[in-house]
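Structure file data_8.cif with mmCIF, C-alpha atoms:
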```
data_entry
loop_
_atom_site.group_PDB
_atom_site.id
_atom_site.type_symbol
_atom_site.label_atom_id
_atom_site.label_comp_id
_atom_site.auth_asym_id
_atom_site.auth_seq_id
_atom_site.Cartn_x
_atom_site.Cartn_y
_atom_site.Cartn_z
ATOM 1 C CA MET A 572 149.148 52.243 60.324
ATOM 2 C CA ARG A 573 150.605 55.710 59.752
ATOM 3 C CA VAL A 574 150.313 57.997 62.786
ATOM 4 C CA LEU A 575 150.881 61.717 63.177
ATOM 5 C CA VAL A 576 151.792 62.672 66.772
ATOM 6 C CA VAL A 577 151.130 66.335 67.546
ATOM 7 C CA ASP A 578 152.555 67.610 70.829
ATOM 8 C CA ASP A 579 154.815 70.530 71.696
ATOM 9 C CA SER A 580 156.721 68.346 74.152
ATOM 10 C CA LYS A 581 159.456 66.171 72.658
ATOM 11 C CA THR A 582 159.317 64.037 75.801
ATOM 12 C CA MET A 583 155.616 63.388 75.278
ATOM 13 C CA ARG A 584 156.081 62.591 71.589
ATOM 14 C CA ARG A 585 158.758 60.075 72.554
ATOM 15 C CA ILE A 586 156.485 58.436 75.167
ATOM 16 C CA VAL A 587 153.572 58.249 72.717
ATOM 17 C CA LYS A 588 155.820 56.804 70.005
ATOM 18 C CA GLY A 589 156.801 54.064 72.453
ATOM 19 C CA VAL A 590 153.131 53.146 72.819
ATOM 20 C CA LEU A 591 152.587 53.238 69.059
ATOM 21 C CA GLU A 592 155.276 50.582 68.572
ATOM 22 C CA THR A 593 153.008 48.187 70.504
ATOM 23 C CA VAL A 594 149.914 48.806 68.368
ATOM 24 C CA GLY A 595 151.371 48.172 64.955
ATOM 25 C CA ALA A 596 152.283 51.650 63.765
ATOM 26 C CA THR A 597 154.363 51.332 60.612
ATOM 27 C CA ALA A 598 155.280 55.011 60.269
ATOM 28 C CA VAL A 599 155.192 57.878 62.747
ATOM 29 C CA GLU A 600 155.529 61.565 61.915
ATOM 30 C CA GLU A 601 155.836 64.306 64.526
ATOM 31 C CA ALA A 602 154.439 67.832 64.642
ATOM 32 C CA VAL A 603 155.073 70.427 67.348
ATOM 33 C CA ASP A 604 151.754 72.285 67.115
ATOM 34 C CA GLY A 605 148.532 72.439 65.119
ATOM 35 C CA GLN A 606 149.976 74.637 62.396
ATOM 36 C CA ASP A 607 152.900 72.272 61.934
ATOM 37 C CA ALA A 608 150.454 69.358 61.782
ATOM 38 C CA LEU A 609 148.346 71.036 59.094
ATOM 39 C CA SER A 610 151.481 71.516 57.005
ATOM 40 C CA LYS A 611 152.327 67.800 57.258
ATOM 41 C CA VAL A 612 149.015 65.954 56.820
ATOM 42 C CA ASP A 613 148.839 66.226 53.033
ATOM 43 C CA ALA A 614 152.285 64.770 52.460
ATOM 44 C CA PHE A 615 152.265 62.204 55.282
ATOM 45 C CA LYS A 616 148.660 60.995 54.830
ATOM 46 C CA PRO A 617 148.158 59.652 58.364
ATOM 47 C CA ASP A 618 145.671 56.908 59.255
ATOM 48 C CA LEU A 619 145.431 58.362 62.763
ATOM 49 C CA ILE A 620 146.305 61.613 64.499
ATOM 50 C CA LEU A 621 147.178 61.803 68.219
ATOM 51 C CA LEU A 622 146.718 65.400 69.287
ATOM 52 C CA ASP A 623 147.662 67.436 72.351
ATOM 53 C CA TRP A 624 145.323 70.279 73.320
ATOM 54 C CA ASN A 625 147.522 72.984 74.874
ATOM 55 C CA MET A 626 150.211 74.006 72.403
ATOM 56 C CA PRO A 627 151.666 77.333 71.295
ATOM 57 C CA VAL A 628 151.010 78.764 67.805
ATOM 58 C CA MET A 629 147.899 76.626 67.160
ATOM 59 C CA ASP A 630 146.238 74.528 69.866
ATOM 60 C CA GLY A 631 144.677 71.144 69.339
ATOM 61 C CA LEU A 632 141.078 72.324 69.355
ATOM 62 C CA THR A 633 141.763 74.898 66.638
ATOM 63 C CA PHE A 634 143.558 72.223 64.621
ATOM 64 C CA VAL A 635 140.557 69.884 64.777
ATOM 65 C CA LYS A 636 138.123 72.620 63.755
ATOM 66 C CA THR A 637 140.363 73.640 60.850
ATOM 67 C CA PHE A 638 141.053 70.047 59.821
ATOM 68 C CA ARG A 639 137.407 69.004 59.852
ATOM 69 C CA GLY A 640 136.486 72.283 58.175
ATOM 70 C CA LYS A 641 138.527 71.116 55.204
ATOM 71 C CA GLY A 642 136.469 67.932 55.059
ATOM 72 C CA MET A 643 139.276 65.699 56.349
ATOM 73 C CA LYS A 644 138.002 62.422 57.855
ATOM 74 C CA THR A 645 141.211 61.018 59.412
ATOM 75 C CA PRO A 646 140.452 59.829 62.965
ATOM 76 C CA VAL A 647 141.783 62.093 65.718
ATOM 77 C CA ILE A 648 142.390 61.167 69.359
ATOM 78 C CA MET A 649 142.896 64.069 71.739
ATOM 79 C CA VAL A 650 145.657 63.203 74.249
ATOM 80 C CA THR A 651 145.620 65.899 76.889
ATOM 81 C CA THR A 652 145.564 66.944 80.535
ATOM 82 C CA GLU A 653 142.288 68.789 79.816
ATOM 83 C CA ALA A 654 139.908 66.369 81.533
ATOM 84 C CA GLY A 655 136.947 68.592 82.369
ATOM 85 C CA LYS A 656 133.542 67.500 81.093
ATOM 86 C CA SER A 657 133.053 70.764 79.216
ATOM 87 C CA GLN A 658 136.394 70.369 77.439
ATOM 88 C CA VAL A 659 135.611 66.794 76.417
ATOM 89 C CA VAL A 660 132.230 67.874 75.043
ATOM 90 C CA GLU A 661 133.825 70.805 73.205
ATOM 91 C CA ALA A 662 136.426 68.531 71.608
ATOM 92 C CA ILE A 663 133.822 65.980 70.549
ATOM 93 C CA LYS A 664 131.707 68.724 68.997
ATOM 94 C CA ALA A 665 134.792 69.906 67.113
ATOM 95 C CA GLY A 666 135.151 66.465 65.585
ATOM 96 C CA ILE A 667 137.538 64.292 67.559
ATOM 97 C CA ASN A 668 136.935 60.532 67.542
ATOM 98 C CA ASN A 669 138.220 59.691 71.011
ATOM 99 C CA TYR A 670 139.823 61.191 74.097
ATOM 100 C CA ALA A 671 142.785 60.089 76.248
ATOM 101 C CA VAL A 672 143.639 61.920 79.454
ATOM 102 C CA LYS A 673 147.224 62.467 80.593
ATOM 103 C CA PRO A 674 148.617 60.854 82.649
ATOM 104 C CA PHE A 675 147.995 57.509 80.953
ATOM 105 C CA THR A 676 149.415 54.027 81.152
ATOM 106 C CA PRO A 677 150.814 52.549 77.923
ATOM 107 C CA GLU A 678 148.132 49.867 78.131
ATOM 108 C CA GLY A 679 145.394 52.455 78.574
ATOM 109 C CA LEU A 680 146.460 54.501 75.559
ATOM 110 C CA SER A 681 146.886 51.317 73.468
ATOM 111 C CA LYS A 682 143.303 50.284 74.231
ATOM 112 C CA ILE A 683 141.963 53.688 73.244
ATOM 113 C CA ILE A 684 143.889 53.605 69.952
ATOM 114 C CA GLU A 685 142.725 50.073 69.149
ATOM 115 C CA ALA A 686 139.105 50.845 70.056
ATOM 116 C CA THR A 687 139.152 53.972 67.908
ATOM 117 C CA MET A 688 140.577 52.206 64.871
ATOM 118 C CA ALA A 689 138.174 49.281 65.294
ATOM 119 C CA LYS A 690 135.209 51.674 65.372
ATOM 120 C CA VAL A 691 136.479 53.508 62.293
ATOM 121 C CA ALA A 692 136.924 50.194 60.459
ATOM 122 C CA GLN A 693 133.380 49.137 61.369
ATOM 123 C CA SER A 694 131.839 52.336 60.083
ATOM 124 C CA ALA A 695 133.864 52.313 56.845
ATOM 125 C CA MET B 332 136.948 82.493 98.174
ATOM 126 C CA SER B 333 140.531 81.574 99.083
ATOM 127 C CA MET B 334 142.782 78.553 98.769
ATOM 128 C CA ASP B 335 141.427 75.693 100.854
ATOM 129 C CA VAL B 336 142.229 72.076 101.589
ATOM 130 C CA ARG B 337 140.427 70.840 98.468
ATOM 131 C CA HIS B 338 142.855 72.740 96.266
ATOM 132 C CA ILE B 339 145.856 71.323 98.125
ATOM 133 C CA ASN B 340 144.407 67.815 97.962
ATOM 134 C CA ALA B 341 143.981 68.237 94.208
ATOM 135 C CA PHE B 342 147.750 68.744 93.858
ATOM 136 C CA LEU B 343 148.549 65.828 96.185
ATOM 137 C CA GLU B 344 146.272 63.476 94.211
ATOM 138 C CA ALA B 345 147.489 64.736 90.841
ATOM 139 C CA THR B 346 151.158 64.356 91.779
ATOM 140 C CA LYS B 347 150.603 60.836 93.090
ATOM 141 C CA THR B 348 148.691 59.842 89.954
ATOM 142 C CA VAL B 349 151.342 61.226 87.599
ATOM 143 C CA PHE B 350 154.202 59.560 89.496
ATOM 144 C CA ASP B 351 152.368 56.235 89.791
ATOM 145 C CA THR B 352 151.283 56.220 86.144
ATOM 146 C CA MET B 353 154.058 57.854 84.159
ATOM 147 C CA LEU B 354 157.183 57.437 86.307
ATOM 148 C CA LYS B 355 156.313 54.208 88.139
ATOM 149 C CA ILE B 356 157.930 55.489 91.322
ATOM 150 C CA PRO B 357 156.186 56.161 94.635
ATOM 151 C CA VAL B 358 155.814 59.649 96.034
ATOM 152 C CA THR B 359 154.920 60.591 99.603
ATOM 153 C CA PHE B 360 154.077 63.972 101.041
ATOM 154 C CA GLU B 361 154.951 65.851 104.176
ATOM 155 C CA LYS B 362 152.417 68.208 105.708
ATOM 156 C CA PRO B 363 151.869 71.232 103.454
ATOM 157 C CA VAL B 364 153.061 74.445 105.088
ATOM 158 C CA LEU B 365 152.533 78.127 104.540
ATOM 159 C CA ASN B 366 155.218 79.325 102.159
ATOM 160 C CA SER B 367 156.499 82.226 104.259
ATOM 161 C CA ALA B 368 159.757 82.544 102.285
ATOM 162 C CA PRO B 369 160.382 81.447 98.702
ATOM 163 C CA GLN B 370 162.066 78.051 98.383
ATOM 164 C CA THR B 371 165.363 77.733 96.503
ATOM 165 C CA HIS B 372 165.745 75.264 93.642
ATOM 166 C CA ASP B 373 168.221 74.269 90.936
ATOM 167 C CA VAL B 374 165.428 73.743 88.413
ATOM 168 C CA SER B 375 161.811 74.920 88.473
ATOM 169 C CA GLY B 376 158.821 74.143 86.303
ATOM 170 C CA VAL B 377 156.425 77.093 86.436
ATOM 171 C CA ILE B 378 152.836 77.347 85.182
ATOM 172 C CA GLY B 379 150.390 80.225 85.479
ATOM 173 C CA LEU B 380 146.696 79.778 86.237
ATOM 174 C CA SER B 381 143.935 82.062 85.024
ATOM 175 C CA GLY B 382 140.163 82.175 85.012
ATOM 176 C CA ASP B 383 138.275 81.533 88.243
ATOM 177 C CA VAL B 384 141.657 80.804 89.856
ATOM 178 C CA VAL B 385 144.564 83.175 89.309
ATOM 179 C CA GLY B 386 148.075 82.339 90.398
ATOM 180 C CA SER B 387 151.014 80.086 89.704
ATOM 181 C CA VAL B 388 152.440 76.697 90.521
ATOM 182 C CA VAL B 389 156.171 76.063 90.881
ATOM 183 C CA ILE B 390 157.588 72.555 91.034
ATOM 184 C CA GLY B 391 161.151 72.886 92.279
ATOM 185 C CA PHE B 392 163.970 70.324 92.383
ATOM 186 C CA GLY B 393 167.596 70.022 93.328
ATOM 187 C CA GLU B 394 169.868 69.079 90.428
ATOM 188 C CA GLN B 395 170.423 65.405 91.223
ATOM 189 C CA THR B 396 166.785 64.761 92.069
ATOM 190 C CA ALA B 397 165.685 66.426 88.848
ATOM 191 C CA VAL B 398 168.073 64.314 86.758
ATOM 192 C CA ARG B 399 166.777 61.100 88.350
ATOM 193 C CA ILE B 400 163.109 62.088 88.001
ATOM 194 C CA VAL B 401 163.539 63.153 84.374
ATOM 195 C CA CYS B 402 165.205 59.801 83.656
ATOM 196 C CA ALA B 403 162.226 57.951 85.143
ATOM 197 C CA PHE B 404 159.746 60.120 83.222
ATOM 198 C CA ALA B 405 161.431 60.291 79.825
ATOM 199 C CA GLY B 406 162.865 56.780 79.913
ATOM 200 C CA THR B 407 166.341 58.051 79.134
ATOM 201 C CA ARG B 408 168.968 60.157 80.902
ATOM 202 C CA HIS B 409 169.185 63.792 79.842
ATOM 203 C CA ALA B 410 172.006 66.133 80.851
ATOM 204 C CA PHE B 411 171.014 68.713 83.441
ATOM 205 C CA GLY B 412 170.042 71.942 81.698
ATOM 206 C CA SER B 413 169.805 70.442 78.199
ATOM 207 C CA ALA B 414 166.819 71.224 75.978
ATOM 208 C CA ASP B 415 165.484 67.687 76.382
ATOM 209 C CA PHE B 416 165.895 67.897 80.153
ATOM 210 C CA GLU B 417 163.960 71.164 80.312
ATOM 211 C CA ASP B 418 161.278 69.805 77.988
ATOM 212 C CA ALA B 419 160.714 66.869 80.342
ATOM 213 C CA ILE B 420 160.508 69.107 83.417
ATOM 214 C CA GLY B 421 158.028 71.328 81.582
ATOM 215 C CA GLU B 422 155.833 68.427 80.533
ATOM 216 C CA LEU B 423 155.916 66.884 84.004
ATOM 217 C CA THR B 424 154.836 70.227 85.451
ATOM 218 C CA ASN B 425 152.120 70.572 82.834
ATOM 219 C CA MET B 426 150.796 67.102 83.586
ATOM 220 C CA ILE B 427 150.651 67.608 87.364
ATOM 221 C CA VAL B 428 149.055 71.045 87.169
ATOM 222 C CA GLY B 429 146.633 69.935 84.454
ATOM 223 C CA ALA B 430 145.558 66.910 86.469
ATOM 224 C CA ALA B 431 145.121 69.046 89.590
ATOM 225 C CA LYS B 432 143.139 71.639 87.670
ATOM 226 C CA SER B 433 140.657 69.011 86.530
ATOM 227 C CA LYS B 434 139.804 68.415 90.192
ATOM 228 C CA PHE B 435 138.801 72.039 90.815
ATOM 229 C CA GLU B 436 135.101 71.281 90.649
ATOM 230 C CA GLY B 437 132.842 74.101 89.620
ATOM 231 C CA LEU B 438 135.687 76.402 88.631
ATOM 232 C CA SER B 439 136.715 77.358 85.125
ATOM 233 C CA VAL B 440 140.515 77.467 85.109
ATOM 234 C CA SER B 441 143.003 77.739 82.278
ATOM 235 C CA ILE B 442 146.679 76.890 82.505
ATOM 236 C CA GLY B 443 149.462 78.440 80.471
ATOM 237 C CA CYS B 444 152.356 76.728 78.762
ATOM 238 C CA PRO B 445 155.076 75.738 81.244
ATOM 239 C CA SER B 446 158.297 77.671 81.717
ATOM 240 C CA VAL B 447 161.444 76.046 83.048
ATOM 241 C CA ILE B 448 164.170 77.828 85.005
ATOM 242 C CA THR B 449 167.537 76.109 85.367
ATOM 243 C CA SER B 450 169.957 77.931 87.649
ATOM 244 C CA PRO B 451 171.594 76.884 90.933
ATOM 245 C CA ASP B 452 169.834 78.068 94.091
ATOM 246 C CA HIS B 453 167.265 80.308 92.436
ATOM 247 C CA HIS B 454 163.845 81.130 93.766
ATOM 248 C CA VAL B 455 160.697 82.133 91.914
ATOM 249 C CA SER B 456 159.244 85.438 93.064
ATOM 250 C CA ARG B 457 155.561 85.769 93.825
ATOM 251 C CA PRO B 458 153.219 88.592 94.789
ATOM 252 C CA SER B 459 153.580 89.407 98.477
ATOM 253 C CA ASP B 460 149.819 89.608 98.934
ATOM 254 C CA ALA B 461 149.025 86.141 97.580
ATOM 255 C CA ALA B 462 148.476 83.009 99.637
ATOM 256 C CA SER B 463 151.213 80.443 99.037
ATOM 257 C CA ILE B 464 151.484 76.861 100.221
ATOM 258 C CA CYS B 465 154.558 74.636 99.976
ATOM 259 C CA ILE B 466 154.015 70.895 99.583
ATOM 260 C CA PRO B 467 157.189 68.886 100.355
ATOM 261 C CA CYS B 468 157.344 65.669 98.316
ATOM 262 C CA ASP B 469 159.635 62.688 98.757
ATOM 263 C CA THR B 470 160.562 59.988 96.247
ATOM 264 C CA PRO B 471 163.279 57.318 96.082
ATOM 265 C CA GLY B 472 164.973 59.701 93.652
ATOM 266 C CA GLY B 473 165.032 62.561 96.150
ATOM 267 C CA ARG B 474 162.893 65.374 97.547
ATOM 268 C CA PHE B 475 161.173 68.153 95.671
ATOM 269 C CA VAL B 476 158.556 70.771 96.485
ATOM 270 C CA ILE B 477 155.391 72.103 94.931
ATOM 271 C CA GLU B 478 154.700 75.773 95.614
ATOM 272 C CA VAL B 479 151.066 76.672 95.011
ATOM 273 C CA THR B 480 150.420 80.394 94.998
ATOM 274 C CA PHE B 481 146.996 81.744 94.133
ATOM 275 C CA ARG B 482 143.888 83.592 94.932
ATOM 276 C CA SER B 483 140.582 82.141 93.823
ATOM 277 C CA ILE B 484 137.983 84.457 92.406
ATOM 278 C CA ASP B 485 134.359 83.436 92.456
ATOM 279 C CA LYS B 486 132.355 84.161 89.340
ATOM 280 C CA ALA B 487 130.444 87.035 90.950
ATOM 281 C CA ALA B 488 133.667 88.734 92.054
ATOM 282 C CA SER B 489 135.261 88.281 88.643
ATOM 283 C CA SER B 490 132.549 90.425 87.079
ATOM 284 C CA LYS B 491 133.255 93.377 89.401
ATOM 285 C CA PRO B 492 135.434 96.309 88.343
ATOM 286 C CA VAL B 493 139.132 95.532 88.440
ATOM 287 C CA ALA B 494 139.917 97.832 91.395
ATOM 288 C CA GLY B 495 137.184 96.292 93.538
ATOM 289 C CA GLU B 496 138.172 92.795 92.535
ATOM 290 C CA GLU B 497 141.802 93.426 93.464
ATOM 291 C CA SER B 498 140.798 94.777 96.858
ATOM 292 C CA ASN B 499 138.657 91.731 97.610
ATOM 293 C CA ALA B 500 141.345 89.344 96.438
ATOM 294 C CA ILE B 501 144.013 90.847 98.682
ATOM 295 C CA THR B 502 141.748 90.644 101.715
ATOM 296 C CA SER B 503 140.895 87.058 100.844
ATOM 297 C CA ALA B 504 144.515 86.028 100.379
ATOM 298 C CA LYS B 505 145.656 87.598 103.662
ATOM 299 C CA SER B 506 142.885 85.960 105.616
ATOM 300 C CA ALA B 507 143.854 82.609 104.121
ATOM 301 C CA ALA B 508 147.462 83.065 105.182
#
```
Can you give me the file's structure in the form of structure tokens?
Amino acid sequence: MRVLVVDDSKTMRRIVKGVLETVGATAVEEAVDGQDALSKVDAFKPDLILLDWNMPVMDGLTFVKTFRGKGMKTPVIMVTTEAGKSQVVEAIKAGINNYAVKPFTPEGLSKIIEATMAKVAQSA
Amino acid sequence: MSMDVRHINAFLEATKTVFDTMLKIPVTFEKPVLNSAPQTHDVSGVIGLSGDVVGSVVIGFGEQTAVRIVCAFAGTRHAFGSADFEDAIGELTNMIVGAAKSKFEGLSVSIGCPSVITSPDHHVSRPSDAASICIPCDTPGGRFVIEVTFRSIDKAASSKPVAGEESNAITSAKSAA
């Protein structure tokens, strides 16, 4: 599984990469904001994108809208401190596949990743 | 509307959740006190709040405490003042404030990107007319403080002209203090 981790925090990218090692990720690419992620998806061809919401330059919500607007189907999990009901609804409407709230346990994030990929595999 | 116990409890709960979940170290709290004079820190994570709540949150540490807490959070030791060290302090601040914000029921609040100040014995200035609370926190890695400074604006007040809104906010903040 190839995973693109999009977060402006290097610390957070490192923590998420640690979790990805436990769920069978074979390649991980990093992006520091939505614009950086858009520039990397074509070359990297991720199977999954883990996406922060609050980032400079281009935030996660704008990335999802732009990404889906291009017809891209790659599953996206929003990993964010934004836990309000209205934010979750807004992100789902924009096209995310699942939602993980920071702070998270490694086990909790692993389960969300596995559930998301299982659902995508079922619907394929 | 001014800062009340629910807002303070939101920061207590958020800090405990972040430390339990991400750092795996316990945190306890002393009684929050009115922040009559700015606290001094060696490193501060600072985040602004806007929307129905306007203000700022400062999470301030001494150098050794910060190094130990960053090590627990990032899973590796970073040199005090390095880019990786400041990134970890910023993300920790972002996580605590974001988690607290989600507990502000009925209020629409946005948080900015965190800033980190690394300088011995600095303090972060705040408006003199704003209510500020200091929450002392204790961990096995050392003590730190959370300074919560804000005025809440209800949705009706936020639609008033700026001058009127400012006047109401100052009155509200002083009465809270």
Practice task
Hey, list the chain A side of the contact with chain B: 6 Å cut-off, only C-alpha atoms, answer as a PyMOL selection string.
Solution key: chain A and resi 582+652+654-655+674+676
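From CA of Thr651 (chain A) back to CA of Lys690 (chain A), the distance works out to 21.1 Å.
Taking CA of Pro451 (chain B) as the reference point, CA of Thr346 (chain B) is found at 24.0 Å.
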Neighbouring residues of Thr480 (chain B) were defined as those with any atom within 10 Å, considering only C-alpha atoms; residues of the same chain fewer than 3 positions away were excluded. Please report them as a PDB file with C-alpha atoms, in the coordinates of the input.
```pdb
ATOM      1  CA  MET B 334     142.782  78.553  98.769  1.00  0.00           C
ATOM      2  CA  ASN B 366     155.218  79.325 102.159  1.00  0.00           C
ATOM      3  CA  GLY B 379     150.390  80.225  85.479  1.00  0.00           C
ATOM      4  CA  LEU B 380     146.696  79.778  86.237  1.00  0.00           C
ATOM      5  CA  VAL B 385     144.564  83.175  89.309  1.00  0.00           C
ATOM      6  CA  GLY B 386     148.075  82.339  90.398  1.00  0.00           C
ATOM      7  CA  SER B 387     151.014  80.086  89.704  1.00  0.00           C
ATOM      8  CA  VAL B 388     152.440  76.697  90.521  1.00  0.00           C
ATOM      9  CA  VAL B 389     156.171  76.063  90.881  1.00  0.00           C
ATOM     10  CA  ARG B 457     155.561  85.769  93.825  1.00  0.00           C
ATOM     11  CA  PRO B 458     153.219  88.592  94.789  1.00  0.00           C
ATOM     12  CA  ALA B 461     149.025  86.141  97.580  1.00  0.00           C
ATOM     13  CA  ALA B 462     148.476  83.009  99.637  1.00  0.00           C
ATOM     14  CA  SER B 463     151.213  80.443  99.037  1.00  0.00           C
ATOM     15  CA  ILE B 464     151.484  76.861 100.221  1.00  0.00           C
ATOM     16  CA  CYS B 465     154.558  74.636  99.976  1.00  0.00           C
ATOM     17  CA  ILE B 477     155.391  72.103  94.931  1.00  0.00           C
ATOM     18  CA  ALA B 504     144.515  86.028 100.379  1.00  0.00           C
TER      19      ALA B 504
END
```
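If you count all atoms listed in the file and ignore residues fewer than 4 places along the chain from region 608-615 of chain A, what sits within 10 Å of it is Arg573, Val574, Leu575, Val576, Val577, Asp578, Ala598, Val599, Glu600, Glu601, Ala602, Val603, Asp604, Ile620, Leu622, Met629, Gly631, Phe634, Val635, Thr637, Phe638, Met643 and Thr645 of chain A.
CA of His409 (chain B) lies 15.9 Å from CA of Ser375 (chain B).
A distance cut-off of 7 Å around (150.0, 78.2, 68.3), counting all atoms listed in the file, selects these protein and nucleic acid residues: Asp604, Gly605, Gln606, Met626, Pro627, Val628, Met629 and Asp630 of chain A.
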Practice task
Can you give me, as an NGL selection string, the residues this file yields under the PyMOL selection byres ((chain A and resi 650) around 9)?
Solution key: :A and (578 or 621-624 or 648-649 or 651-653 or 669-673 or 680)
Residues in the PyMOL selection byres ((chain A and resi 668) around 7), expressed as a tab-separated table (two decimals) with C-alpha atoms, in the frame of the given file:
```
chain	number	residue	atom	x	y	z
A	646	PRO	CA	140.45	59.83	62.96
A	647	VAL	CA	141.78	62.09	65.72
A	648	ILE	CA	142.39	61.17	69.36
A	663	ILE	CA	133.82	65.98	70.55
A	666	GLY	CA	135.15	66.46	65.58
A	667	ILE	CA	137.54	64.29	67.56
A	669	ASN	CA	138.22	59.69	71.01
A	687	THR	CA	139.15	53.97	67.91
```
